[in-house]
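Asker: So here's coords_3.txt, just compact mmCIF, C-alpha atoms:
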# COMPACT_ATOMS: atom_id res chain seq x y z
CA MET A 1 123.34 -6.25 -82.59
CA ASP A 2 119.63 -5.85 -83.45
CA THR A 3 118.75 -2.43 -84.85
CA ILE A 4 115.68 -1.27 -86.73
CA THR A 5 116.58 -0.41 -90.30
CA ARG A 6 114.35 0.91 -93.04
CA SER A 7 114.01 0.07 -96.70
CA ALA A 8 111.77 1.90 -99.14
CA THR A 9 108.62 0.07 -98.01
CA SER A 10 109.39 -1.79 -94.79
CA TYR A 11 111.35 -1.89 -91.55
CA ASP A 12 113.68 -4.62 -90.30
CA ILE A 13 112.68 -5.58 -86.74
CA GLY A 14 115.08 -8.19 -85.44
CA GLY A 15 115.56 -9.62 -88.92
CA VAL A 16 111.86 -9.65 -89.88
CA ARG A 17 110.33 -6.99 -92.14
CA TYR A 18 107.15 -5.10 -91.23
CA PRO A 19 105.36 -2.07 -92.70
CA GLN A 20 105.83 -0.27 -89.35
CA PRO A 21 109.02 0.01 -87.25
CA PHE A 22 107.27 -1.80 -84.39
CA LYS A 23 105.11 -4.87 -83.83
CA ILE A 24 102.39 -4.75 -81.19
CA ARG A 25 102.36 -7.92 -79.09
CA ARG A 26 99.34 -7.41 -76.81
CA LEU A 27 97.08 -5.00 -74.97
CA GLY A 28 99.19 -4.14 -71.94
CA HIS A 29 97.04 -1.81 -69.86
CA PHE A 30 94.27 0.78 -69.98
CA GLY A 31 92.63 3.29 -67.69
CA PHE A 32 89.23 4.73 -66.83
CA ASN A 33 88.31 8.18 -65.52
CA VAL A 34 85.38 8.10 -63.11
CA ALA A 35 83.35 10.53 -61.03
CA ASP A 36 83.50 8.38 -57.89
CA LEU A 37 87.12 7.34 -57.61
CA GLN A 38 86.74 5.50 -54.31
CA GLY A 39 83.73 3.61 -55.60
CA GLY A 40 85.78 2.52 -58.62
CA ILE A 41 88.67 1.42 -56.42
CA ASP A 42 86.39 -0.71 -54.27
CA PHE A 43 84.69 -2.27 -57.29
CA TYR A 44 87.83 -3.26 -59.16
CA SER A 45 89.87 -4.31 -56.14
CA LYS A 46 87.38 -5.93 -53.78
CA LEU A 47 85.00 -7.43 -56.34
CA LEU A 48 87.19 -8.13 -59.39
CA GLY A 49 90.46 -8.75 -57.56
CA PHE A 50 92.79 -6.16 -59.10
CA ARG A 51 95.62 -5.45 -56.66
CA ILE A 52 96.61 -1.85 -55.95
CA THR A 53 100.30 -1.57 -56.79
CA ASP A 54 100.84 2.19 -56.37
CA THR A 55 99.00 5.47 -55.94
CA ARG A 56 100.33 8.82 -57.15
CA ASP A 57 98.79 12.16 -56.23
CA LEU A 58 99.34 14.58 -59.11
CA LYS A 59 98.66 17.50 -56.77
CA LYS A 60 101.85 16.65 -54.91
CA ILE A 61 104.20 16.20 -57.89
CA PRO A 62 106.45 19.14 -58.81
CA GLY A 63 105.74 20.48 -62.29
CA ARG A 64 102.07 19.46 -62.20
CA GLU A 65 100.80 22.64 -60.51
CA GLU A 66 98.66 23.87 -63.41
CA MET A 67 97.02 20.48 -63.83
CA ALA A 68 96.44 20.21 -60.09
CA LYS A 69 94.36 23.40 -60.00
CA ARG A 70 91.43 21.78 -61.80
CA LEU A 71 91.65 18.23 -60.39
CA GLU A 72 88.92 17.35 -57.93
CA ASP A 73 90.95 14.31 -56.88
CA GLY A 74 94.61 14.14 -57.86
CA ARG A 75 95.12 10.43 -57.35
CA ILE A 76 96.04 8.00 -60.11
CA VAL A 77 95.59 4.47 -58.80
CA PHE A 78 97.69 1.75 -60.44
CA MET A 79 96.24 -1.76 -60.34
CA SER A 80 97.13 -5.18 -61.74
CA HIS A 81 95.82 -8.72 -62.12
CA ASN A 82 99.23 -10.21 -62.96
CA SER A 83 102.94 -9.54 -62.39
CA ASP A 84 102.91 -6.33 -64.47
CA HIS A 85 103.17 -3.27 -62.27
CA HIS A 86 99.87 -2.12 -63.73
CA ALA A 87 97.30 -3.44 -66.13
CA PHE A 88 94.69 -0.85 -65.16
CA LEU A 89 94.62 2.75 -63.98
CA LEU A 90 91.83 4.64 -62.26
CA ALA A 91 91.67 8.43 -62.07
CA HIS A 92 89.07 11.12 -61.45
CA LYS A 93 87.10 12.29 -64.48
CA SER A 94 88.56 15.79 -64.08
CA LEU A 95 91.91 14.41 -65.30
CA GLY A 96 90.85 13.79 -68.91
CA ALA A 97 93.69 12.12 -70.81
CA ILE A 98 96.69 10.91 -68.89
CA PHE A 99 98.26 14.32 -69.60
CA GLY A 100 95.34 16.21 -68.08
CA ASP A 101 94.83 18.55 -71.02
CA ASP A 102 91.60 17.35 -72.65
CA ALA A 103 89.11 16.76 -69.86
CA VAL A 104 86.50 18.56 -71.98
CA SER A 105 86.16 15.48 -74.22
CA LYS A 106 82.66 14.63 -73.10
CA ASP A 107 82.52 10.94 -73.90
CA ILE A 108 86.18 9.89 -73.73
CA THR A 109 86.48 8.27 -70.32
CA VAL A 110 89.52 6.16 -71.26
CA ASN A 111 92.63 7.97 -70.06
CA GLN A 112 94.86 5.69 -72.14
CA ILE A 113 94.87 2.50 -74.23
CA THR A 114 98.31 0.94 -74.10
CA TRP A 115 99.85 -1.63 -76.44
CA GLN A 116 103.08 -3.51 -75.71
CA VAL A 117 105.87 -3.85 -78.25
CA GLY A 118 108.90 -6.11 -77.98
CA THR A 119 111.89 -3.78 -77.67
CA MET A 120 112.93 -0.31 -76.54
CA GLU A 121 114.11 0.48 -80.05
CA GLU A 122 110.59 -0.03 -81.38
CA VAL A 123 109.17 2.50 -78.92
CA PHE A 124 111.41 5.30 -80.10
CA ALA A 125 111.49 4.31 -83.78
CA ALA A 126 107.69 4.62 -83.54
CA ALA A 127 108.05 8.27 -82.54
CA ASP A 128 109.95 9.09 -85.75
CA TYR A 129 107.47 7.07 -87.78
CA PHE A 130 104.44 8.84 -86.27
CA GLN A 131 106.03 12.21 -86.91
CA GLU A 132 106.47 11.30 -90.57
CA LYS A 133 102.82 10.21 -90.70
CA ASP A 134 101.63 13.49 -89.10
CA VAL A 135 100.20 11.59 -86.14
CA GLU A 136 99.98 13.79 -83.06
CA ILE A 137 102.68 12.78 -80.60
CA ARG A 138 101.74 13.41 -76.99
CA ARG A 139 104.94 12.46 -75.21
CA VAL A 140 108.03 10.29 -75.55
CA GLY A 141 110.05 9.10 -72.56
CA ARG A 142 109.67 6.97 -69.47
CA ASP A 143 107.15 7.32 -66.65
CA MET A 144 107.19 6.24 -63.04
CA PRO A 145 105.66 4.27 -61.43
CA GLY A 146 105.79 1.31 -63.78
CA SER A 147 109.14 2.20 -65.36
CA ASN A 148 107.87 1.55 -68.89
CA TRP A 149 109.45 3.36 -71.84
CA HIS A 150 106.80 4.85 -74.10
CA THR A 151 105.54 6.90 -77.02
CA TYR A 152 102.07 8.43 -76.65
CA ILE A 153 99.85 9.46 -79.57
CA ARG A 154 96.17 10.08 -80.27
CA ASP A 155 93.86 8.09 -82.52
CA PRO A 156 91.35 9.77 -84.90
CA ASP A 157 88.74 10.08 -82.12
CA GLY A 158 91.15 11.59 -79.61
CA HIS A 159 91.79 8.49 -77.50
CA THR A 160 95.26 8.58 -76.00
CA VAL A 161 97.18 5.56 -77.30
CA GLU A 162 100.51 4.39 -75.87
CA LEU A 163 103.17 2.03 -77.20
CA TYR A 164 105.46 0.78 -74.44
CA TYR A 165 108.27 -1.56 -73.51
CA GLY A 166 109.79 -2.68 -70.20
CA MET A 167 107.02 -2.74 -67.60
CA GLU A 168 108.18 -3.12 -64.00
CA GLN A 169 107.39 -6.59 -62.66
CA ILE A 170 106.00 -7.31 -59.18
CA GLY A 171 107.70 -10.39 -57.75
CA TRP A 172 107.10 -12.95 -55.04
CA ASP A 173 107.69 -10.39 -52.26
CA GLY A 174 104.72 -8.28 -53.43
CA ARG A 175 106.53 -4.94 -53.43
CA SER A 176 106.67 -2.29 -56.12
CA LYS A 177 109.70 -0.21 -56.94
CA PRO A 178 110.32 2.50 -54.28
CA GLU A 179 109.80 6.16 -55.16
CA SER A 180 113.50 6.81 -54.48
CA LEU A 181 114.22 5.02 -57.78
CA TYR A 182 112.07 7.39 -59.82
CA TYR A 183 115.11 9.48 -60.73
CA ARG A 184 115.36 7.22 -63.78
CA ALA A 185 112.17 8.71 -65.29
CA PHE A 186 112.46 10.65 -68.56
CA ARG A 187 110.09 13.48 -69.56
CA GLU A 188 111.77 13.78 -72.93
CA ARG A 189 113.03 11.24 -75.44
CA PRO A 190 116.12 9.54 -74.01
CA ALA A 191 119.23 8.67 -75.96
CA LEU A 192 119.90 5.01 -76.77
CA PRO A 193 121.30 2.75 -75.55
CA GLN A 194 120.06 2.85 -71.96
CA ILE A 195 121.38 0.78 -69.07
CA SER A 196 119.57 -2.42 -68.18
CA GLU A 197 117.05 -2.78 -65.38
CA GLU A 198 119.56 -4.94 -63.53
CA GLN A 199 122.17 -2.18 -63.74
CA GLU A 200 119.62 0.33 -62.44
CA VAL A 201 119.16 -1.81 -59.35
CA ARG A 202 122.89 -2.18 -58.82
CA ASP A 203 123.33 1.58 -59.14
CA ALA A 204 120.55 2.19 -56.63
CA VAL A 205 122.12 -0.15 -54.10
CA ALA A 206 125.47 1.62 -54.59
CA LYS A 207 123.73 4.94 -53.87
CA GLY A 208 122.44 3.55 -50.57
CA ILE A 209 118.80 3.39 -51.72
CA ASP A 210 116.58 0.92 -49.88
CA ILE A 211 115.28 -1.09 -52.81
CA ASN A 212 112.82 -2.92 -50.53
CA ALA A 213 110.97 0.22 -49.48
CA GLY A 214 108.28 0.08 -52.17
CA ASN A 215 104.55 -0.25 -51.75
CA THR A 216 103.31 -3.53 -50.27
CA ILE A 217 100.65 -5.13 -52.46
CA ARG A 218 97.78 -7.21 -51.17
CA ASP A 219 94.39 -8.50 -52.21
CA ARG A 220 91.62 -6.43 -50.62
CA GLY A 221 89.06 -9.24 -50.61
CA GLU A 222 87.78 -10.83 -47.41
CA GLU A 223 85.96 -14.07 -48.31
CA GLU A 224 87.73 -17.28 -49.22
CA TYR A 225 86.94 -19.71 -52.04
CA VAL A 226 88.81 -22.69 -53.43
CA VAL A 227 89.74 -21.99 -57.06
CA ALA A 228 91.46 -24.84 -58.89
CA GLY A 229 93.22 -25.93 -55.70
CA VAL A 230 94.13 -22.44 -54.45
CA THR A 231 92.30 -20.49 -51.73
CA LEU A 232 91.31 -17.03 -53.01
CA PRO A 233 89.07 -14.18 -51.81
CA ARG A 234 86.67 -14.74 -54.77
CA PRO A 235 85.75 -17.80 -56.84
CA PHE A 236 87.57 -16.66 -59.99
CA LYS A 237 90.79 -15.08 -61.17
CA ILE A 238 91.11 -12.53 -63.98
CA THR A 239 93.93 -13.85 -66.16
CA ASN A 240 93.84 -11.43 -69.09
CA ILE A 241 92.43 -8.05 -70.14
CA GLY A 242 90.87 -7.18 -73.49
CA PRO A 243 89.47 -6.97 -76.03
CA MET A 244 88.79 -3.23 -75.96
CA SER A 245 85.62 -2.26 -77.84
CA LEU A 246 85.14 1.38 -78.83
CA PHE A 247 82.44 3.52 -80.35
CA VAL A 248 84.03 5.77 -82.97
CA ALA A 249 82.85 8.60 -85.19
CA ASP A 250 84.05 7.00 -88.45
CA VAL A 251 84.70 3.25 -88.45
CA GLY A 252 86.50 3.43 -91.79
CA ALA A 253 88.90 6.15 -90.64
CA SER A 254 89.62 4.35 -87.37
CA GLU A 255 90.13 1.04 -89.18
CA GLU A 256 92.57 2.74 -91.54
CA PHE A 257 94.50 4.20 -88.60
CA TYR A 258 94.72 0.98 -86.61
CA THR A 259 95.57 -1.28 -89.58
CA ARG A 260 97.77 0.87 -91.82
CA THR A 261 99.39 3.08 -89.17
CA MET A 262 99.40 0.79 -86.11
CA GLY A 263 99.78 -2.58 -87.84
CA PHE A 264 96.64 -4.36 -86.62
CA ALA A 265 95.17 -7.12 -88.79
CA ARG A 266 91.49 -7.22 -89.60
CA THR A 267 89.97 -10.52 -88.51
CA GLU A 268 86.29 -10.08 -89.24
CA VAL A 269 83.60 -7.60 -90.24
CA VAL A 270 80.07 -7.92 -88.87
CA THR A 271 77.10 -5.96 -90.14
CA TYR A 272 74.69 -5.54 -87.25
CA LYS A 273 71.37 -3.77 -87.87
CA GLY A 274 72.95 -2.10 -90.88
CA HIS A 275 76.05 -0.94 -88.99
CA ARG A 276 79.53 -2.04 -90.08
CA CYS A 277 81.52 -3.31 -87.08
CA VAL A 278 85.20 -4.23 -87.39
CA PHE A 279 87.26 -6.67 -85.31
CA LEU A 280 91.05 -6.27 -85.29
CA ARG A 281 93.90 -8.23 -83.76
CA ASN A 282 97.64 -7.98 -83.16
CA GLY A 283 98.37 -11.57 -82.13
CA GLY A 284 96.78 -15.01 -82.16
CA GLU A 285 93.53 -13.92 -80.51
CA HIS A 286 90.40 -13.42 -82.64
CA HIS A 287 90.41 -9.72 -81.78
CA SER A 288 92.01 -7.36 -79.32
CA LEU A 289 90.17 -4.25 -80.55
CA SER A 290 86.71 -3.78 -81.99
CA LEU A 291 85.33 -0.63 -83.61
CA PHE A 292 81.63 0.22 -83.66
CA PRO A 293 79.91 3.35 -85.05
CA LYS A 294 78.66 5.80 -82.45
CA ALA A 295 75.21 5.62 -83.99
CA LEU A 296 74.96 2.06 -82.66
CA ARG A 297 75.54 3.18 -79.07
CA GLY A 298 72.08 4.69 -78.71
CA GLU A 299 70.38 1.81 -80.48
CA LEU A 300 71.90 -0.61 -77.96
CA GLY A 301 70.94 1.63 -75.05
CA LEU A 302 74.51 1.82 -73.78
CA ASN A 303 76.02 4.64 -71.74
CA PRO A 304 76.10 7.79 -73.93
CA ASP A 305 78.80 9.32 -71.71
CA THR A 306 81.60 6.96 -72.78
CA THR A 307 83.10 5.75 -76.05
CA VAL A 308 83.77 2.39 -74.39
CA ALA A 309 81.37 -0.24 -75.70
CA SER A 310 82.93 -2.88 -73.45
CA MET A 311 86.22 -3.97 -71.95
CA GLY A 312 87.04 -7.66 -71.78
CA MET A 313 88.07 -9.44 -68.58
CA GLN A 314 89.08 -13.07 -69.16
CA VAL A 315 88.89 -15.59 -66.31
CA GLY A 316 90.74 -18.88 -66.07
CA SER A 317 88.00 -21.36 -66.99
CA TYR A 318 84.35 -21.86 -67.82
CA ARG A 319 83.73 -22.99 -64.23
CA GLN A 320 85.27 -19.76 -62.95
CA LEU A 321 83.07 -17.79 -65.34
CA ARG A 322 79.91 -19.42 -63.98
CA ASP A 323 81.10 -18.87 -60.41
CA ALA A 324 82.03 -15.25 -61.15
CA VAL A 325 78.52 -14.55 -62.43
CA ALA A 326 76.96 -16.05 -59.29
CA PHE A 327 79.40 -14.23 -57.00
CA LEU A 328 78.88 -10.83 -58.62
CA ARG A 329 75.09 -11.20 -58.69
CA LYS A 330 75.18 -11.98 -54.98
CA LYS A 331 77.24 -8.81 -54.44
CA GLY A 332 74.65 -6.69 -56.23
CA VAL A 333 76.69 -5.91 -59.34
CA ARG A 334 74.63 -4.64 -62.26
CA PHE A 335 74.38 -6.94 -65.30
CA THR A 336 73.31 -5.93 -68.80
CA ASP A 337 72.03 -7.83 -71.84
CA ALA A 338 72.42 -4.81 -74.12
CA ILE A 339 75.40 -6.21 -76.05
CA PRO A 340 74.37 -9.04 -78.41
CA ALA A 341 76.56 -12.04 -79.19
CA GLU A 342 77.02 -10.79 -82.77
CA LEU A 343 79.24 -8.04 -81.34
CA TYR A 344 81.73 -10.38 -79.71
CA PRO A 345 82.49 -13.01 -82.39
CA GLY A 346 85.18 -15.47 -81.38
CA VAL A 347 83.90 -15.51 -77.79
CA ASP A 348 81.18 -17.94 -76.81
CA TYR A 349 79.89 -17.78 -73.22
CA ALA A 350 80.12 -14.27 -71.80
CA ALA A 351 78.39 -12.03 -69.26
CA HIS A 352 78.39 -8.25 -69.23
CA ILE A 353 78.48 -6.21 -66.05
CA LEU A 354 78.54 -2.47 -65.39
CA ASP A 355 81.07 -0.75 -63.16
CA PRO A 356 79.89 2.12 -60.90
CA ALA A 357 80.63 4.64 -63.69
CA GLY A 358 78.56 2.70 -66.25
CA HIS A 359 81.42 1.12 -68.22
CA ALA A 360 80.42 -2.28 -69.59
CA LEU A 361 82.83 -5.13 -68.83
CA MET A 362 82.68 -8.46 -70.65
CA LEU A 363 83.52 -11.47 -68.48
CA TYR A 364 84.50 -14.49 -70.57
CA CYS A 365 86.77 -17.54 -70.55
CA TYR A 366 87.39 -18.46 -74.19
CA MET A 367 88.70 -16.49 -77.17
CA GLU A 368 89.02 -18.11 -80.58
CA ARG A 369 92.62 -18.40 -81.81
CA ILE A 370 93.74 -17.53 -85.32
CA GLY A 371 95.98 -20.16 -86.93
CA TRP A 372 98.86 -20.05 -89.40
CA ASP A 373 96.55 -19.22 -92.31
CA GLY A 374 95.32 -16.04 -90.61
CA GLN A 375 91.66 -16.99 -90.98
CA PRO A 376 88.98 -17.07 -88.25
CA ARG A 377 86.71 -20.05 -87.74
CA PRO A 378 83.63 -19.91 -90.00
CA ALA A 379 80.64 -18.64 -88.06
CA ALA A 380 78.68 -21.84 -88.73
CA GLN A 381 81.38 -23.86 -86.90
CA ARG A 382 81.33 -21.79 -83.73
CA ARG A 383 79.72 -23.01 -80.53
CA LYS A 384 76.02 -22.25 -80.24
CA VAL A 385 75.32 -20.49 -76.95
CA GLY A 386 71.89 -20.70 -75.40
CA LYS A 387 70.25 -18.78 -72.60
CA ASP A 388 70.82 -21.63 -70.13
CA TRP A 389 74.47 -22.36 -69.45
CA PRO A 390 75.39 -26.05 -68.98
CA GLU A 391 77.48 -27.31 -66.07
CA SER A 392 80.36 -28.20 -68.39
CA LEU A 393 81.34 -27.92 -72.06
CA GLU A 394 82.94 -30.06 -74.72
CA PRO A 395 86.29 -28.52 -75.79
CA MET A 396 86.75 -26.62 -79.01
CA SER A 397 89.91 -27.34 -81.03
CA ASP A 398 91.54 -24.24 -79.53
CA THR A 399 90.19 -24.40 -75.97
CA TYR A 400 93.00 -23.58 -73.50
CA ALA A 401 95.19 -22.64 -76.47
CA ASP A 402 95.75 -19.08 -75.31
CA PRO A 403 98.91 -18.32 -73.29
CA ALA A 404 98.82 -19.79 -69.78
CA PHE A 405 98.57 -17.40 -66.86
CA MET A 406 102.03 -17.43 -65.31
CA GLY A 407 100.69 -17.31 -61.77
CA PRO A 408 100.47 -18.00 -58.96
CA LEU A 409 96.74 -17.22 -58.88
CA GLY A 410 97.05 -15.44 -55.58
Hey, can you dump this file as structure tokens for me?

Answerer:
Amino acid sequence: MDTITRSATSYDIGGVRYPQPFKIRRLGHFGFNVADLQGGIDFYSKLLGFRITDTRDLKKIPGREEMAKRLEDGRIVFMSHNSDHHAFLLAHKSLGAIFGDDAVSKDITVNQITWQVGTMEEVFAAADYFQEKDVEIRRVGRDMPGSNWHTYIRDPDGHTVELYYGMEQIGWDGRSKPESLYYRAFRERPALPQISEEQEVRDAVAKGIDINAGNTIRDRGEEEYVVAGVTLPRPFKITNIGPMSLFVADVGASEEFYTRTMGFARTEVVTYKGHRCVFLRNGGEHHSLSLFPKALRGELGLNPDTTVASMGMQVGSYRQLRDAVAFLRKKGVRFTDAIPAELYPGVDYAAHILDPAGHALMLYCYMERIGWDGQPRPAAQRRKVGKDWPESLEPMSDTYADPAFMGPLG
């Protein structure tokens, strides 16, 4: 049986030793707090194609009464671009962090940044590890909807960071788990082992619960386009989220936290206009997190009310990227040229748009992959991107080398 064991300097995770008792696999989901919640819902669902999987009103949940008193809108809207129950959450800016206790943080509009690990054991071993490291632990347990087991902490700037395992999957029938199954949530750290997801379903059926009574999920778009042989409401499909790019108070302190405490690897450092900018990864992608100094935010002319420099949204191909740009321009979406190419190394063609709250989103199709030697491609060997985008591109050695979207597209 796999268990996480510790030596003097490392932890055994499934027979492989790491400096932390967990290994982050990918960016799983994130959330924004916005002043106009309905405007955000329309933007991300109708224009970008995120499907609404569930909505929870915190004002109607027992035990949330104190939080509810100051919420202008109690809804948390869960959305996804893939089979995960949620890859994105939207909430009103009065919420603050996902726990609703730090809404006074003026420029933190991310309610959580969530990283997926491989096992339940890693989630809870992380809690002990963070406690030893004097990292503030926000909560340990299991939330619904989504059913993911988690440990929440804060990074040096106060961003709420989650490690999780076991996200609910939305299948071919397009239904989420019904609220009657939420009795398996845990507000405190649960004992291990826990029963499997399959056993949970069997137990629910035995209790007479209608397991098919969950929320029905649909695409809110209206127009139809042919995308790689499939008819969709828009001419592109978001297939991946990330990288997350943040403005931080102290790049060195944040780099130390994310590399030494969280286990990220540093891929590249870029000095832009005298500012040290760091690009970190946790898998084969060039970077999944980038850290910029807050002083750079004003120089770029980006939104001073958020620590988010940009959030990546990857589409399925270069053709889809070109079509997405044309589609979103036609719909009146705001574009920005404020973020220079030097601040997204490893990505070639990209366009930046602004959501209704002023968060910058990077639309792209290609992310450089890091090989067995752990080294990025030399800058001189990267594709040169001009102002005019060609109709088609010659492939790079790692084009289409990222994991395939499991699909179907719609």

Asker: Using only C-alpha atoms for the distances, tell me which of A:Ala357, A:Met362, A:Val201, A:Ala91 is nearest to Phe335 (chain A).

Answerer: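 Selected residue with least distance to Phe335 (chain A): A:Met362.
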
Asker: Within 8 Å of Ala125 (chain A), counting all atoms listed in the file, which residues qualify if same-chain residues fewer than 2 places away don't, as an NGL selection string?

Answerer: :A and (4 or 21-22 or 121-123 or 127-129)

Asker: Counting all atoms listed in the file, figure out which residue out of A:Lys93, A:Lys106, A:Arg51, A:Arg322 gets nearest to Ile170 (chain A).

Answerer: A:Arg51

Asker: Find the residues near Pro293 (chain A): any atom within 8 Å, counting only C-alpha atoms, skip ones fewer than 6 places away on the same chain, and give them as a ChimeraX atom specification.

Answerer: /A:247-251,275-277

Asker: Neighbouring residues of Thr261 (chain A) were defined as those with any atom within 9 Å, considering only C-alpha atoms; residues of the same chain fewer than 2 positions away were excluded. Please report them as a PyMOL selection string.

Answerer: chain A and resi 19-20+130+133+256-259+263-264

Asker: Which of these, A:Glu72, A:Asp219, A:Asp348, A:Asp373, has the shortest distance to Leu393 (chain A) once you count all atoms listed in the file?

Answerer: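 The answer is A:Asp348, which sits nearest to Leu393 (chain A).
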
Asker: Set the distance at 10 Å and use only C-alpha atoms: which residues neighbour Pro395 (chain A) once local chain neighbours fewer than 4 positions away are removed? I'd like the list as a ChimeraX atom specification.

Answerer: /A:383,399-400

Asker: Given all atoms listed in the file as the basis, pick out the residue of A:Trp115, A:Tyr182, A:Phe78, A:Phe405 nearest to Thr151 (chain A).

Answerer: A:Trp115

Asker: Would you please work out which residue, of A:Arg334, A:Arg369, A:Arg138, A:His286, is nearest to Asp355 (chain A) when using only C-alpha atoms?

Answerer: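 Among the listed residues, A:Arg334 lies closest to Asp355 (chain A).
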
Asker: Pick out the closest residue to Gly332 (chain A) from this set: A:Met313, A:Leu27, A:Leu354, A:Val308. Count only C-alpha atoms.

Answerer: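 Of A:Met313, A:Leu27, A:Leu354, A:Val308, the one nearest Gly332 (chain A), counting only C-alpha atoms, is A:Leu354.
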
Asker: What is the CA of Arg189 (chain A)-CA of Arg64 (chain A) distance in Å, reported with one decimal?

Answerer: 19.1 Å

Asker: What gap, in Å, lies between CA of Ala87 (chain A) and CA of Arg184 (chain A)?

Answerer: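 Pair CA of Ala87 (chain A) / CA of Arg184 (chain A) returns 21.1 Å.
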
Asker: Ser317 (chain A): which residues within 12 Å, counting only C-alpha atoms, same-chain residues fewer than 3 positions away excluded, as a ChimeraX atom specification?

Answerer: /A:227-228,235-240,314,320-324,349-350,363-367,392-393,395,399-402,404-405

Asker: Residues of region 72-154 of chain A that have any atom at most 12 Å from an atom of region 158-164 of chain A: could you tabulate them with the shortest-distance atom pair and the distance in Å to one decimal, using only C-alpha atoms, ordered by chain and increasing number, as a Markdown table?

Answerer:
| residue | atom | partner | partner_atom | distance |
| --- | --- | --- | --- | --- |
| A:Gly96 | CA | A:Thr160 | CA | 9.8 |
| A:Ala97 | CA | A:Thr160 | CA | 6.5 |
| A:Ile98 | CA | A:Thr160 | CA | 7.6 |
| A:Phe99 | CA | A:Thr160 | CA | 9.1 |
| A:Gly100 | CA | A:Thr160 | CA | 11.0 |
| A:Asp101 | CA | A:Thr160 | CA | 11.2 |
| A:Asp102 | CA | A:Gly158 | CA | 9.0 |
| A:Ala103 | CA | A:Gly158 | CA | 11.2 |
| A:Val104 | CA | A:Gly158 | CA | 11.3 |
| A:Ser105 | CA | A:Gly158 | CA | 8.3 |
| A:Lys106 | CA | A:Gly158 | CA | 11.1 |
| A:Asp107 | CA | A:His159 | CA | 10.2 |
| A:Ile108 | CA | A:His159 | CA | 6.9 |
| A:Thr109 | CA | A:His159 | CA | 8.9 |
| A:Val110 | CA | A:His159 | CA | 7.0 |
| A:Asn111 | CA | A:Thr160 | CA | 6.5 |
| A:Gln112 | CA | A:Thr160 | CA | 4.8 |
| A:Ile113 | CA | A:Val161 | CA | 4.9 |
| A:Thr114 | CA | A:Glu162 | CA | 4.5 |
| A:Trp115 | CA | A:Leu163 | CA | 5.0 |
| A:Gln116 | CA | A:Tyr164 | CA | 5.1 |
| A:Val117 | CA | A:Tyr164 | CA | 6.0 |
| A:Gly118 | CA | A:Tyr164 | CA | 8.5 |
| A:Thr119 | CA | A:Tyr164 | CA | 8.5 |
| A:Met120 | CA | A:Tyr164 | CA | 7.8 |
| A:Glu121 | CA | A:Tyr164 | CA | 10.3 |
| A:Glu122 | CA | A:Tyr164 | CA | 8.7 |
| A:Val123 | CA | A:Tyr164 | CA | 6.1 |
| A:Phe124 | CA | A:Leu163 | CA | 9.3 |
| A:Ala125 | CA | A:Leu163 | CA | 10.8 |
| A:Ala126 | CA | A:Leu163 | CA | 8.2 |
| A:Ala127 | CA | A:Leu163 | CA | 9.6 |
| A:Phe130 | CA | A:Leu163 | CA | 11.4 |
| A:Val135 | CA | A:Val161 | CA | 11.1 |
| A:Glu136 | CA | A:Gly158 | CA | 9.7 |
| A:Ile137 | CA | A:Val161 | CA | 9.7 |
| A:Arg138 | CA | A:Thr160 | CA | 8.1 |
| A:Arg139 | CA | A:Glu162 | CA | 9.2 |
| A:Val140 | CA | A:Glu162 | CA | 9.6 |
| A:Gly141 | CA | A:Tyr164 | CA | 9.7 |
| A:Arg142 | CA | A:Tyr164 | CA | 9.0 |
| A:Asp143 | CA | A:Tyr164 | CA | 10.3 |
| A:Gly146 | CA | A:Tyr164 | CA | 10.7 |
| A:Ser147 | CA | A:Tyr164 | CA | 9.9 |
| A:Asn148 | CA | A:Tyr164 | CA | 6.1 |
| A:Trp149 | CA | A:Tyr164 | CA | 5.4 |
| A:His150 | CA | A:Tyr164 | CA | 4.3 |
| A:Thr151 | CA | A:Leu163 | CA | 5.4 |
| A:Tyr152 | CA | A:Glu162 | CA | 4.4 |
| A:Ile153 | CA | A:Val161 | CA | 5.2 |
| A:Arg154 | CA | A:Thr160 | CA | 4.6 |

Asker: Between CA of His85 (chain A) and CA of Gln131 (chain A), what distance in Å does the model show, to one decimal?

Answerer: 29.2 Å

Asker: Please return as a count of residues only every residue within 10 Å of (115.5, 8.6, -58.9), taking into account all atoms listed in the file and the file's own coordinates.

Answerer: 12

Asker: As lines of an AutoDock Vina configuration file, please report the centre and edge lengths, rounded to one decimal in Å, of the axis-aligned box that holds all listed atoms of region 198-204 of chain A with 8 Å of padding on each of the six sides.

Answerer:
center_x = 121.2
center_y = -1.4
center_z = -60.2
size_x = 20.2
size_y = 23.1
size_z = 23.1
